[in-house]
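One structure is given here, and the rest of the page talks about it.
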Amino acid sequence: MRHRSLLIATSVLTAGALTLTACGSRGDDKGDDGDGITVTIGVDAPLTGQNSATGLGIQYGAQIAVDDANKNNLVPGVRFKIKALDDKALPGTGQQNATALVADSNVLGVIGPLNSGVAGSMQQVFANADLVEISPSNTNVALTQGKDWAKGVKKRQFETYFRTATTDAVQGGFAAEYAYRTAGKKKAFVVDDKQAYGAGLAAIFQDEFKKLGGSVAGTDHVNTGDKDFSTLVTKIKNSGADLLYYGGQYDESELITKQLKAQGVKIPLFGGDGMFSDTYIKVAGQASEGDYVTSVGVPVTTLPKAKDFIAAYKAKKYPGDYGTYGGYSYDATTAVIKAVGVVVGAAGGKLPGDARAKVVDAVQKSDFDGIAGHVSFDEYGDTTNKQLTVYQVKKGKWEAVKSGTYTG
């Protein structure tokens, strides 16, 4: 049933793409001068519920990139707009959204999703339609390099899939190195949320921590949506661990650290970029003091090119956390916009019938300085920007304590 629907959507797409230069996207929106082309860039992320603070940061990071492109006439004759869909951090909903975006012939690129588990449900849908997808936040290595990447067998999974965030293979090792060598932690208790991102990141941290000489005091799993972690807290307390490493999102970790400290277990919780949100500190309160996260890139507030982006985000009073993935979403959107410009330029100011496939090729050749760092992609679709930062909660705020790369 789903396969048949996809074939129909793809047929509609082909017909729609062929008419874009004639009438399909000309003068569709108020404010269009009637002579140009309107191109839609889809956004998929959790915009409500679980993980929505970071999901909204992705949506509005993309929106500002589109606003800037239109204001500066980045692609002459082309006006861009955003179509944002809420996946609620659910793979099934993400797949439905992917199918809906494919069926919209004006959509020439998609930004997102936030969650690696959701990405796994969307990739094939976009690949079948030659529709480019760039995630500013997915970090699970298998999404680009295949399930056997850790064995040294790397194979690109989908030519249409890219990401501006570096992978967990880098992030997990970077965290382990900091925990063992810089923070001086020798005995870690490792927990994950059973999701593709969280479980993958926790496993990489655990392996690298042990290789460096650390020991694992215990491991456990939680479910997304859990609220009571008393049993887990008891296990951690009795383990003698001097660090809790958590693979997952802030929704659970902010409660874990709060309940852990309430039981007198004064050890830091260390997590990945899924935890890097001001919401974590707001909910956990004083219990978050001293906790750590790693996140992609360097602090966006320290980047001169991001100054106008941050000012625009604040001026428009957009919800969500721009500091986590907002800059990477802006750059991912700009990569699609620039790719459309290449395609339109090569076609004499028009959109060819195979515009989607040509946009994929142009994105692969991306090479520009974005607001969050240099934007280019390797043979797997992974970003060439491997920068990471460790943050620690100090006086109620995330403070960058180390930036760099991890080479193993």
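Chain labels run A, B, ... following the order of the structure tokens; each chain numbers its residues from 1, and ligands are numbered from 1 in the order shown.
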Shell around A:Leu90 at 9 Å using only C-alpha atoms, local window under 6 positions removed, as an NGL selection string: :A and (46 or 115 or 117-118)
Output C-alpha atoms for every residue in the selection just made, as a CSV table (one decimal), in the first residue's frame.
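Final output, part27.csv:
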```csv
chain,number,residue,atom,x,y,z
A,46,PRO,CA,9.5,17.6,16.4
A,115,ASN,CA,16.1,12.4,15.4
A,117,GLY,CA,15.6,7.1,14.4
A,118,VAL,CA,13.1,9.2,12.4
```
Considering only C-alpha atoms, give me a table of residues in stretch 251-286 of chain A that are at most 8 Å from stretch 212-232 of chain A, with the closest atom pair and distance in Å for each, as a Markdown table.
```
| residue | atom | partner | partner_atom | distance |
| --- | --- | --- | --- | --- |
| A:Asp251 | CA | A:Gly225 | CA | 7.6 |
| A:Glu252 | CA | A:Asp226 | CA | 6.8 |
| A:Leu255 | CA | A:Lys227 | CA | 6.9 |
| A:Ile256 | CA | A:Phe229 | CA | 6.3 |
| A:Gln259 | CA | A:Phe229 | CA | 7.1 |
```
How close does stretch 137-238 of chain A get to stretch 260-267 of chain A? List, as CSV, each residue of stretch 137-238 of chain A within 10 Å, its nearest atom pair and the distance in Å to one decimal, counting only C-alpha atoms.
```
residue,atom,partner,partner_atom,distance
A:Lys185,CA,A:Ile267,CA,9.9
A:Ala188,CA,A:Ile267,CA,9.9
A:Phe229,CA,A:Leu260,CA,8.4
A:Ser230,CA,A:Leu260,CA,8.2
A:Leu232,CA,A:Leu260,CA,8.8
A:Val233,CA,A:Leu260,CA,5.6
A:Thr234,CA,A:Gln263,CA,8.5
A:Ile236,CA,A:Val265,CA,8.3
A:Lys237,CA,A:Val265,CA,6.2
A:Asn238,CA,A:Val265,CA,9.7
```
Would you write out those residues with all heavy atoms, as a short mmCIF file (atom, residue, chain, number, x, y, z; two decimals), in the first residue's frame?
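Saved file part.cif follows:
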```
data_model
loop_
_atom_site.label_atom_id
_atom_site.label_comp_id
_atom_site.auth_asym_id
_atom_site.auth_seq_id
_atom_site.Cartn_x
_atom_site.Cartn_y
_atom_site.Cartn_z
N LYS A 185 37.67 11.29 35.21
CA LYS A 185 36.71 10.27 35.62
C LYS A 185 37.21 8.88 35.19
O LYS A 185 37.68 8.70 34.08
CB LYS A 185 35.33 10.54 35.00
CG LYS A 185 34.78 11.93 35.32
CD LYS A 185 34.67 12.16 36.82
CE LYS A 185 34.13 13.54 37.14
NZ LYS A 185 34.05 13.80 38.60
N ALA A 188 32.60 4.87 34.94
CA ALA A 188 31.36 5.43 34.40
C ALA A 188 30.22 4.42 34.41
O ALA A 188 30.42 3.23 34.15
CB ALA A 188 31.59 5.91 32.97
N PHE A 229 12.72 7.49 37.84
CA PHE A 229 13.99 6.79 37.64
C PHE A 229 14.60 6.31 38.95
O PHE A 229 15.82 6.18 39.08
CB PHE A 229 14.97 7.72 36.90
CG PHE A 229 14.47 8.16 35.56
CD1 PHE A 229 13.90 9.41 35.38
CD2 PHE A 229 14.56 7.30 34.47
CE1 PHE A 229 13.43 9.82 34.14
CE2 PHE A 229 14.08 7.69 33.21
CZ PHE A 229 13.53 8.95 33.05
N SER A 230 13.77 6.07 39.94
CA SER A 230 14.26 5.70 41.27
C SER A 230 15.06 4.40 41.25
O SER A 230 16.09 4.29 41.94
CB SER A 230 13.08 5.58 42.25
OG SER A 230 12.10 4.67 41.76
N LEU A 232 16.76 3.14 38.72
CA LEU A 232 18.03 3.44 38.06
C LEU A 232 18.96 4.19 39.00
O LEU A 232 20.16 3.89 39.08
CB LEU A 232 17.77 4.28 36.80
CG LEU A 232 19.02 4.81 36.07
CD1 LEU A 232 19.86 3.66 35.54
CD2 LEU A 232 18.60 5.75 34.94
N VAL A 233 18.43 5.16 39.71
CA VAL A 233 19.24 5.95 40.65
C VAL A 233 19.88 5.05 41.70
O VAL A 233 21.06 5.21 42.05
CB VAL A 233 18.37 7.04 41.31
CG1 VAL A 233 19.10 7.64 42.51
CG2 VAL A 233 18.03 8.13 40.31
N THR A 234 19.13 4.10 42.21
CA THR A 234 19.67 3.16 43.21
C THR A 234 20.82 2.35 42.63
O THR A 234 21.85 2.15 43.30
CB THR A 234 18.56 2.21 43.70
OG1 THR A 234 17.52 2.99 44.33
CG2 THR A 234 19.11 1.22 44.72
N ILE A 236 22.82 3.19 40.18
CA ILE A 236 23.98 4.08 39.99
C ILE A 236 24.64 4.37 41.33
O ILE A 236 25.88 4.34 41.46
CB ILE A 236 23.55 5.38 39.30
CG1 ILE A 236 22.99 5.09 37.90
CG2 ILE A 236 24.73 6.35 39.20
CD1 ILE A 236 22.30 6.26 37.25
N LYS A 237 23.84 4.63 42.33
CA LYS A 237 24.34 4.94 43.67
C LYS A 237 25.17 3.80 44.23
O LYS A 237 26.23 4.01 44.84
CB LYS A 237 23.17 5.26 44.60
CG LYS A 237 23.57 5.72 45.99
CD LYS A 237 22.33 6.14 46.78
CE LYS A 237 22.71 6.70 48.14
NZ LYS A 237 21.51 7.16 48.90
N ASN A 238 24.72 2.57 44.03
CA ASN A 238 25.42 1.40 44.56
C ASN A 238 26.61 0.97 43.72
O ASN A 238 27.40 0.14 44.16
CB ASN A 238 24.44 0.22 44.67
CG ASN A 238 23.35 0.47 45.69
OD1 ASN A 238 23.53 1.26 46.62
ND2 ASN A 238 22.21 -0.20 45.53
#
```
Distance query A:Val66 at most 9 Å, only C-alpha atoms, self and fewer than 5 positions along chain excluded, as a ChimeraX atom specification: /A:41,61,71,79-82,330,333-334,337
Which of stretch 166-227 of chain A fall in alpha helix (DSSP H), as a list in words: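 Taking stretch 166-227 of chain A and keeping alpha helix (DSSP H) only, one gets Asp168, Ala169, Val170, Gln171, Gly172, Gly173, Phe174, Ala175, Ala176, Glu177, Ala196, Tyr197, Gly198, Ala199, Gly200, Leu201, Ala202, Ala203, Ile204, Phe205, Gln206, Asp207, Glu208, Phe209, Lys210, Lys211 and Leu212 of chain A.
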Could you give me, as JSON lines, a per-residue list for stretch 252-368 of chain A showing, wherever an atom lies at most 7 Å from an atom of stretch 381-387 of chain A, the closest pair of atoms and their distance in Å to one decimal, using only C-alpha atoms and sorting by chain then residue number from low to high?
```
{"residue": "A:Val296", "atom": "CA", "partner": "A:Gln387", "partner_atom": "CA", "distance": 6.4}
{"residue": "A:Gly297", "atom": "CA", "partner": "A:Gln387", "partner_atom": "CA", "distance": 4.6}
{"residue": "A:Val298", "atom": "CA", "partner": "A:Gln387", "partner_atom": "CA", "distance": 6.5}
```
Contact check, stretch 313-353 of chain A to stretch 162-179 of chain A, at most 12 Å, counting only C-alpha atoms, closest pairs as JSON lines:
```
{"residue": "A:Thr324", "atom": "CA", "partner": "A:Ala165", "partner_atom": "CA", "distance": 10.5}
{"residue": "A:Tyr325", "atom": "CA", "partner": "A:Ala165", "partner_atom": "CA", "distance": 8.4}
{"residue": "A:Gly326", "atom": "CA", "partner": "A:Thr164", "partner_atom": "CA", "distance": 11.2}
{"residue": "A:Gly327", "atom": "CA", "partner": "A:Thr164", "partner_atom": "CA", "distance": 9.7}
{"residue": "A:Tyr328", "atom": "CA", "partner": "A:Thr164", "partner_atom": "CA", "distance": 6.1}
{"residue": "A:Ser329", "atom": "CA", "partner": "A:Thr164", "partner_atom": "CA", "distance": 7.9}
{"residue": "A:Tyr330", "atom": "CA", "partner": "A:Thr164", "partner_atom": "CA", "distance": 10.0}
{"residue": "A:Asp331", "atom": "CA", "partner": "A:Thr164", "partner_atom": "CA", "distance": 7.7}
{"residue": "A:Ala332", "atom": "CA", "partner": "A:Thr164", "partner_atom": "CA", "distance": 6.4}
{"residue": "A:Thr333", "atom": "CA", "partner": "A:Thr164", "partner_atom": "CA", "distance": 10.2}
{"residue": "A:Thr334", "atom": "CA", "partner": "A:Thr164", "partner_atom": "CA", "distance": 11.3}
{"residue": "A:Ala335", "atom": "CA", "partner": "A:Thr164", "partner_atom": "CA", "distance": 9.8}
{"residue": "A:Val336", "atom": "CA", "partner": "A:Phe162", "partner_atom": "CA", "distance": 10.9}
```
